[in-house]
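Working notes, structure below.
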Amino acid sequence: MDVVFPADTALIVVDLQPDFMPGGALACFEGDAIVPGIARLLAARRYQTVVATQDWHPPAHASFAAQHAGQVPFQVIALHGQPQTLWPDHCVQGTPGAELDPRVDWSCADLILRKGTRAQVDSYSAFRENHGPDGTRPSTGLAGWLRERGIAQVHVCGLARDVCVLWTAQDAQAEGFGVRFLWELTRPVSPAGDAPTREALQQAGIAIG
């Protein structure tokens with residue numbers, strides 16, 4: 001029988017959306033491989049608290065390469081004084097590619113957190129947006145929401161392993177939560193991101209498994 005986690009442990013499923021699947025606008029390497037496992041995990045109701053994040057960009061988002069003359073996807077520019085990877089247009093509000101993956105039953109999700117909604121601020125982490133024009137990383141409010149529910153531990157999975165899932169894990173730890181990174185239920189933008197991601201997790205003391 002599947003183990004049911006304690007009530008103080010939440011699952012965060014990051015950006016499991018069609019645009020991050022093979023054939024999508026910003027396809028992650030083998031992104032679709034994790035869908036069955038996450039679907040089974042949610043169906044088993046092993047977590048009493050489940051959060052799903054959803055990249056939800058306005059059409060002219062500052063992280064899109066198309067908004068910067070002469071730039072192409074995956075180049076890095078300075079945005080608000082910080083490095084910003086430019087992405088293909090993806091997860092545009094209201095488009096099919098921005099929906100949560102329809103192969104998963106999301107009815108057990110207690111919160112669907114839309115991020116990246118501000119045109120001039122990218123948002124990788126579930127806990128904090130990237131740096132904005134004022135130089136700060138605004139809170140999404142998730143940390144407070146989890147604390148109000150008595151959550152002390154979070155498990156993270158989803159896409160992409162080397163960007164949004166990693167940032168979510170790091171910020172969860174910075175907010176004082178215990179963190180477990182469900183490696184097999186994540187995939188990277190590119191396999192080249194795996195070694196640096198694993199190193200970053202190990203250096204931070206974040207559990208992998």
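Residue numbers start at 1 in each chain; chains themselves are named A, B, ... in the order of the structure tokens; ligands are numbered from 1 in the order shown.
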
Which neighbours of A:Ile12 fall inside 9 Å, counting only C-alpha atoms, when residues of the same chain fewer than 3 positions from it are skipped, and could you give them as a list of chain:residue names?
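Here the qualifying residues turn out to be A:Thr49, A:Val50, A:Val51, A:Ala52, A:Thr53, A:Ala126, A:Val154, A:His155, A:Val156, A:Cys157, A:Gly158, A:Thr168.
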
Contacts of stretch 185-188 of chain A at 7 Å (only C-alpha atoms; same-chain gap of 4+ positions) as a PyMOL selection string:
chain A and resi 28-31+34+37-38+157-162+193-194

What does the file look like for those residues with all heavy atoms, as a compact mmCIF listing (two decimals), in the first residue's frame?
# COMPACT_ATOMS: atom_id res chain seq x y z
N CYS A 28 10.86 20.47 -22.86
CA CYS A 28 11.90 19.94 -21.99
C CYS A 28 12.28 18.54 -22.46
O CYS A 28 11.47 17.82 -23.04
CB CYS A 28 11.38 19.86 -20.54
SG CYS A 28 11.01 21.46 -19.81
N PHE A 29 13.50 18.17 -22.19
CA PHE A 29 14.00 16.85 -22.58
C PHE A 29 13.17 15.76 -21.90
O PHE A 29 13.12 15.70 -20.67
CB PHE A 29 15.47 16.73 -22.19
CG PHE A 29 16.08 15.39 -22.49
CD1 PHE A 29 16.38 15.03 -23.79
CD2 PHE A 29 16.35 14.50 -21.47
CE1 PHE A 29 16.94 13.80 -24.08
CE2 PHE A 29 16.92 13.27 -21.74
CZ PHE A 29 17.21 12.91 -23.05
N GLU A 30 12.49 14.96 -22.69
CA GLU A 30 11.66 13.87 -22.17
C GLU A 30 10.61 14.37 -21.17
O GLU A 30 10.22 13.66 -20.24
CB GLU A 30 12.51 12.78 -21.51
CG GLU A 30 13.49 12.10 -22.46
CD GLU A 30 14.33 11.04 -21.76
OE1 GLU A 30 14.41 11.06 -20.51
OE2 GLU A 30 14.90 10.20 -22.47
N GLY A 31 10.11 15.57 -21.38
CA GLY A 31 9.18 16.16 -20.42
C GLY A 31 7.94 15.32 -20.19
O GLY A 31 7.39 15.29 -19.08
N ILE A 34 7.44 12.10 -17.30
CA ILE A 34 7.08 12.18 -15.89
C ILE A 34 5.58 12.24 -15.67
O ILE A 34 5.12 12.13 -14.53
CB ILE A 34 7.76 13.37 -15.19
CG1 ILE A 34 7.25 14.71 -15.75
CG2 ILE A 34 9.28 13.26 -15.32
CD1 ILE A 34 7.79 15.92 -15.01
N GLY A 37 3.83 9.10 -13.90
CA GLY A 37 4.21 8.98 -12.49
C GLY A 37 3.54 10.02 -11.62
O GLY A 37 3.08 9.73 -10.51
N ILE A 38 3.47 11.25 -12.11
CA ILE A 38 2.81 12.30 -11.33
C ILE A 38 1.31 12.05 -11.28
O ILE A 38 0.67 12.25 -10.23
CB ILE A 38 3.14 13.69 -11.92
CG1 ILE A 38 4.62 14.01 -11.67
CG2 ILE A 38 2.25 14.77 -11.31
CD1 ILE A 38 5.10 15.31 -12.28
N CYS A 157 8.31 18.47 -7.66
CA CYS A 157 8.49 17.72 -8.90
C CYS A 157 7.98 18.58 -10.05
O CYS A 157 7.48 19.69 -9.83
CB CYS A 157 7.73 16.38 -8.85
SG CYS A 157 5.94 16.55 -8.68
N GLY A 158 8.12 18.10 -11.29
CA GLY A 158 7.59 18.83 -12.43
C GLY A 158 8.67 19.28 -13.40
O GLY A 158 9.70 18.64 -13.56
N LEU A 159 8.41 20.43 -14.05
CA LEU A 159 9.27 20.94 -15.12
C LEU A 159 9.57 22.42 -14.88
O LEU A 159 8.73 23.13 -14.34
CB LEU A 159 8.56 20.77 -16.46
CG LEU A 159 8.20 19.32 -16.85
CD1 LEU A 159 7.29 19.29 -18.08
CD2 LEU A 159 9.46 18.49 -17.09
N ALA A 160 10.74 22.83 -15.24
CA ALA A 160 11.87 22.04 -15.69
C ALA A 160 12.82 21.84 -14.51
O ALA A 160 12.99 22.73 -13.66
CB ALA A 160 12.61 22.72 -16.83
N ARG A 161 13.42 20.67 -14.47
CA ARG A 161 14.30 20.28 -13.37
C ARG A 161 15.36 21.34 -13.07
O ARG A 161 15.63 21.65 -11.91
CB ARG A 161 14.97 18.96 -13.73
CG ARG A 161 16.00 18.46 -12.76
CD ARG A 161 16.71 17.24 -13.34
NE ARG A 161 15.87 16.03 -13.26
CZ ARG A 161 16.11 14.94 -13.98
NH1 ARG A 161 17.12 14.89 -14.83
NH2 ARG A 161 15.32 13.88 -13.84
N ASP A 162 15.96 21.89 -14.13
CA ASP A 162 17.12 22.78 -13.98
C ASP A 162 16.74 24.25 -13.90
O ASP A 162 17.62 25.12 -13.80
CB ASP A 162 18.11 22.56 -15.11
CG ASP A 162 17.47 22.54 -16.49
OD1 ASP A 162 16.24 22.35 -16.59
OD2 ASP A 162 18.20 22.67 -17.49
N GLY A 193 21.85 20.41 -18.18
CA GLY A 193 21.55 21.07 -16.92
C GLY A 193 21.57 20.16 -15.72
O GLY A 193 21.52 20.64 -14.58
N ASP A 194 21.67 18.85 -15.93
CA ASP A 194 21.53 17.92 -14.81
C ASP A 194 22.68 17.99 -13.81
O ASP A 194 22.45 18.01 -12.59
CB ASP A 194 21.39 16.48 -15.32
CG ASP A 194 19.96 16.15 -15.71
OD1 ASP A 194 19.06 16.99 -15.46
OD2 ASP A 194 19.73 15.06 -16.27

Would you return as a compact mmCIF listing (two decimals) with all heavy atoms, in the first residue's frame the members of stretch 30-158 of chain A that DSSP assigns to strand (DSSP E) on this structure's backbone?
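Once everything was written out, this is part08.txt:
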# COMPACT_ATOMS: atom_id res chain seq x y z
N THR A 49 -1.97 17.90 1.13
CA THR A 49 -1.92 19.24 0.54
C THR A 49 -1.12 19.16 -0.76
O THR A 49 0.02 18.70 -0.76
CB THR A 49 -1.25 20.26 1.49
OG1 THR A 49 -2.02 20.34 2.70
CG2 THR A 49 -1.17 21.64 0.84
N VAL A 50 -1.73 19.60 -1.85
CA VAL A 50 -1.11 19.57 -3.17
C VAL A 50 -1.23 20.96 -3.79
O VAL A 50 -2.32 21.54 -3.83
CB VAL A 50 -1.77 18.53 -4.10
CG1 VAL A 50 -1.20 18.62 -5.51
CG2 VAL A 50 -1.60 17.12 -3.54
N VAL A 51 -0.10 21.47 -4.27
CA VAL A 51 -0.06 22.74 -4.98
C VAL A 51 0.42 22.48 -6.40
O VAL A 51 1.39 21.75 -6.61
CB VAL A 51 0.90 23.74 -4.30
CG1 VAL A 51 1.02 25.03 -5.11
CG2 VAL A 51 0.45 24.03 -2.87
N ALA A 52 -0.25 23.04 -7.37
CA ALA A 52 0.21 22.99 -8.76
C ALA A 52 0.50 24.41 -9.22
O ALA A 52 -0.30 25.32 -8.98
CB ALA A 52 -0.86 22.37 -9.66
N THR A 53 1.67 24.60 -9.83
CA THR A 53 1.96 25.92 -10.40
C THR A 53 1.72 25.89 -11.89
O THR A 53 1.81 24.84 -12.55
CB THR A 53 3.41 26.38 -10.12
OG1 THR A 53 4.32 25.61 -10.91
CG2 THR A 53 3.74 26.25 -8.65
N GLN A 54 1.42 27.05 -12.43
CA GLN A 54 1.06 27.18 -13.84
C GLN A 54 1.71 28.44 -14.40
O GLN A 54 1.36 29.55 -14.00
CB GLN A 54 -0.47 27.25 -13.97
CG GLN A 54 -0.99 27.22 -15.38
CD GLN A 54 -2.52 27.20 -15.42
OE1 GLN A 54 -3.18 27.54 -14.44
NE2 GLN A 54 -3.09 26.80 -16.54
N ASP A 55 2.67 28.26 -15.30
CA ASP A 55 3.24 29.40 -16.01
C ASP A 55 2.11 30.06 -16.80
O ASP A 55 1.40 29.37 -17.55
CB ASP A 55 4.34 28.90 -16.96
CG ASP A 55 5.65 29.61 -16.78
OD1 ASP A 55 5.84 30.30 -15.76
OD2 ASP A 55 6.52 29.48 -17.67
N VAL A 76 21.23 35.09 -23.34
CA VAL A 76 21.10 35.69 -22.01
C VAL A 76 21.36 37.18 -22.13
O VAL A 76 22.36 37.60 -22.71
CB VAL A 76 22.08 35.04 -21.01
CG1 VAL A 76 21.95 35.72 -19.64
CG2 VAL A 76 21.80 33.55 -20.89
N ILE A 77 20.43 37.96 -21.59
CA ILE A 77 20.58 39.41 -21.56
C ILE A 77 20.52 39.87 -20.11
O ILE A 77 20.26 39.07 -19.20
CB ILE A 77 19.50 40.12 -22.39
CG1 ILE A 77 18.11 39.90 -21.75
CG2 ILE A 77 19.52 39.65 -23.84
CD1 ILE A 77 17.02 40.80 -22.30
N ALA A 78 20.73 41.15 -19.89
CA ALA A 78 20.51 41.74 -18.57
C ALA A 78 19.09 42.31 -18.54
O ALA A 78 18.69 43.06 -19.43
CB ALA A 78 21.51 42.85 -18.29
N LEU A 79 18.33 41.91 -17.53
CA LEU A 79 16.98 42.43 -17.34
C LEU A 79 16.86 42.84 -15.87
O LEU A 79 17.07 42.01 -14.98
CB LEU A 79 15.93 41.38 -17.69
CG LEU A 79 14.46 41.81 -17.55
CD1 LEU A 79 14.12 42.90 -18.57
CD2 LEU A 79 13.53 40.61 -17.74
N GLN A 82 19.84 41.85 -13.81
CA GLN A 82 20.12 40.45 -13.53
C GLN A 82 20.15 39.67 -14.84
O GLN A 82 19.51 40.04 -15.82
CB GLN A 82 19.04 39.86 -12.62
CG GLN A 82 18.93 40.54 -11.27
CD GLN A 82 20.13 40.28 -10.39
OE1 GLN A 82 20.73 39.22 -10.44
NE2 GLN A 82 20.49 41.26 -9.56
N PRO A 83 20.89 38.54 -14.89
CA PRO A 83 20.89 37.72 -16.10
C PRO A 83 19.49 37.17 -16.37
O PRO A 83 18.83 36.67 -15.46
CB PRO A 83 21.87 36.59 -15.78
CG PRO A 83 22.68 37.08 -14.63
CD PRO A 83 21.78 37.99 -13.85
N GLN A 84 19.06 37.25 -17.61
CA GLN A 84 17.75 36.74 -18.01
C GLN A 84 17.90 35.90 -19.28
O GLN A 84 18.32 36.40 -20.31
CB GLN A 84 16.77 37.88 -18.28
CG GLN A 84 15.45 37.45 -18.92
CD GLN A 84 14.59 36.63 -17.97
OE1 GLN A 84 14.32 37.06 -16.85
NE2 GLN A 84 14.15 35.46 -18.42
N THR A 85 17.60 34.62 -19.18
CA THR A 85 17.54 33.79 -20.38
C THR A 85 16.30 34.17 -21.16
O THR A 85 15.22 34.32 -20.60
CB THR A 85 17.48 32.30 -20.00
OG1 THR A 85 18.66 31.95 -19.28
CG2 THR A 85 17.37 31.42 -21.25
N LEU A 111 -4.42 24.16 -4.38
CA LEU A 111 -4.09 25.49 -4.87
C LEU A 111 -3.46 25.37 -6.24
O LEU A 111 -2.56 24.56 -6.43
CB LEU A 111 -3.13 26.19 -3.91
CG LEU A 111 -2.60 27.57 -4.35
CD1 LEU A 111 -3.73 28.60 -4.37
CD2 LEU A 111 -1.47 28.03 -3.44
N ILE A 112 -3.95 26.16 -7.19
CA ILE A 112 -3.29 26.32 -8.49
C ILE A 112 -2.74 27.73 -8.53
O ILE A 112 -3.49 28.71 -8.51
CB ILE A 112 -4.25 26.05 -9.66
CG1 ILE A 112 -4.72 24.60 -9.63
CG2 ILE A 112 -3.57 26.37 -10.99
CD1 ILE A 112 -5.79 24.26 -10.62
N LEU A 113 -1.42 27.82 -8.52
CA LEU A 113 -0.73 29.10 -8.43
C LEU A 113 -0.23 29.50 -9.81
O LEU A 113 0.66 28.84 -10.37
CB LEU A 113 0.45 28.98 -7.45
CG LEU A 113 1.32 30.22 -7.30
CD1 LEU A 113 0.56 31.33 -6.58
CD2 LEU A 113 2.60 29.88 -6.55
N ARG A 114 -0.78 30.56 -10.35
CA ARG A 114 -0.32 31.07 -11.65
C ARG A 114 0.82 32.06 -11.42
O ARG A 114 0.74 32.94 -10.56
CB ARG A 114 -1.48 31.74 -12.38
CG ARG A 114 -2.47 30.72 -12.92
CD ARG A 114 -3.66 31.37 -13.59
NE ARG A 114 -4.43 30.38 -14.32
CZ ARG A 114 -5.60 30.63 -14.91
NH1 ARG A 114 -6.15 31.83 -14.82
NH2 ARG A 114 -6.23 29.66 -15.57
N LYS A 115 1.87 31.88 -12.21
CA LYS A 115 3.05 32.72 -12.04
C LYS A 115 3.52 33.23 -13.41
O LYS A 115 3.11 32.72 -14.44
CB LYS A 115 4.17 31.95 -11.34
CG LYS A 115 4.64 30.69 -12.03
CD LYS A 115 5.60 29.91 -11.13
CE LYS A 115 6.18 28.69 -11.82
NZ LYS A 115 7.08 28.99 -12.96
N GLN A 153 7.21 20.62 5.56
CA GLN A 153 8.03 19.94 4.55
C GLN A 153 7.34 20.06 3.19
O GLN A 153 6.12 19.96 3.10
CB GLN A 153 8.18 18.45 4.89
CG GLN A 153 8.73 18.15 6.26
CD GLN A 153 10.24 18.25 6.30
OE1 GLN A 153 10.91 18.05 5.28
NE2 GLN A 153 10.78 18.53 7.47
N VAL A 154 8.15 20.25 2.14
CA VAL A 154 7.60 20.22 0.79
C VAL A 154 8.40 19.26 -0.07
O VAL A 154 9.63 19.16 0.05
CB VAL A 154 7.56 21.62 0.14
CG1 VAL A 154 6.64 22.56 0.90
CG2 VAL A 154 8.94 22.22 0.01
N HIS A 155 7.70 18.54 -0.93
CA HIS A 155 8.30 17.72 -1.96
C HIS A 155 8.00 18.38 -3.30
O HIS A 155 6.86 18.82 -3.52
CB HIS A 155 7.73 16.30 -1.93
CG HIS A 155 8.03 15.54 -0.68
ND1 HIS A 155 7.54 14.28 -0.43
CD2 HIS A 155 8.79 15.87 0.41
CE1 HIS A 155 7.97 13.86 0.75
NE2 HIS A 155 8.73 14.81 1.28
N VAL A 156 9.01 18.48 -4.16
CA VAL A 156 8.82 19.20 -5.42
C VAL A 156 9.10 18.29 -6.60
O VAL A 156 10.00 17.45 -6.57
CB VAL A 156 9.70 20.47 -5.49
CG1 VAL A 156 9.29 21.48 -4.43
CG2 VAL A 156 11.18 20.14 -5.36
N CYS A 157 8.31 18.47 -7.66
CA CYS A 157 8.49 17.72 -8.90
C CYS A 157 7.98 18.58 -10.05
O CYS A 157 7.48 19.69 -9.83
CB CYS A 157 7.73 16.38 -8.85
SG CYS A 157 5.94 16.55 -8.68
N GLY A 158 8.12 18.10 -11.29
CA GLY A 158 7.59 18.83 -12.43
C GLY A 158 8.67 19.28 -13.40
O GLY A 158 9.70 18.64 -13.56

Select, from A:Ser63, A:Thr197, A:Gln48, A:Thr95, the residue with the minimum atom-to-atom distance to A:Gly116, counting only C-alpha atoms.
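Selected residue with least distance to A:Gly116: A:Ser63.
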
As a PyMOL selection string, please: the residues near A:Arg128 (cut-off 9 Å, only C-alpha atoms, same-chain neighbours under 6 positions excluded).
chain A and resi 137-142+167-168+171
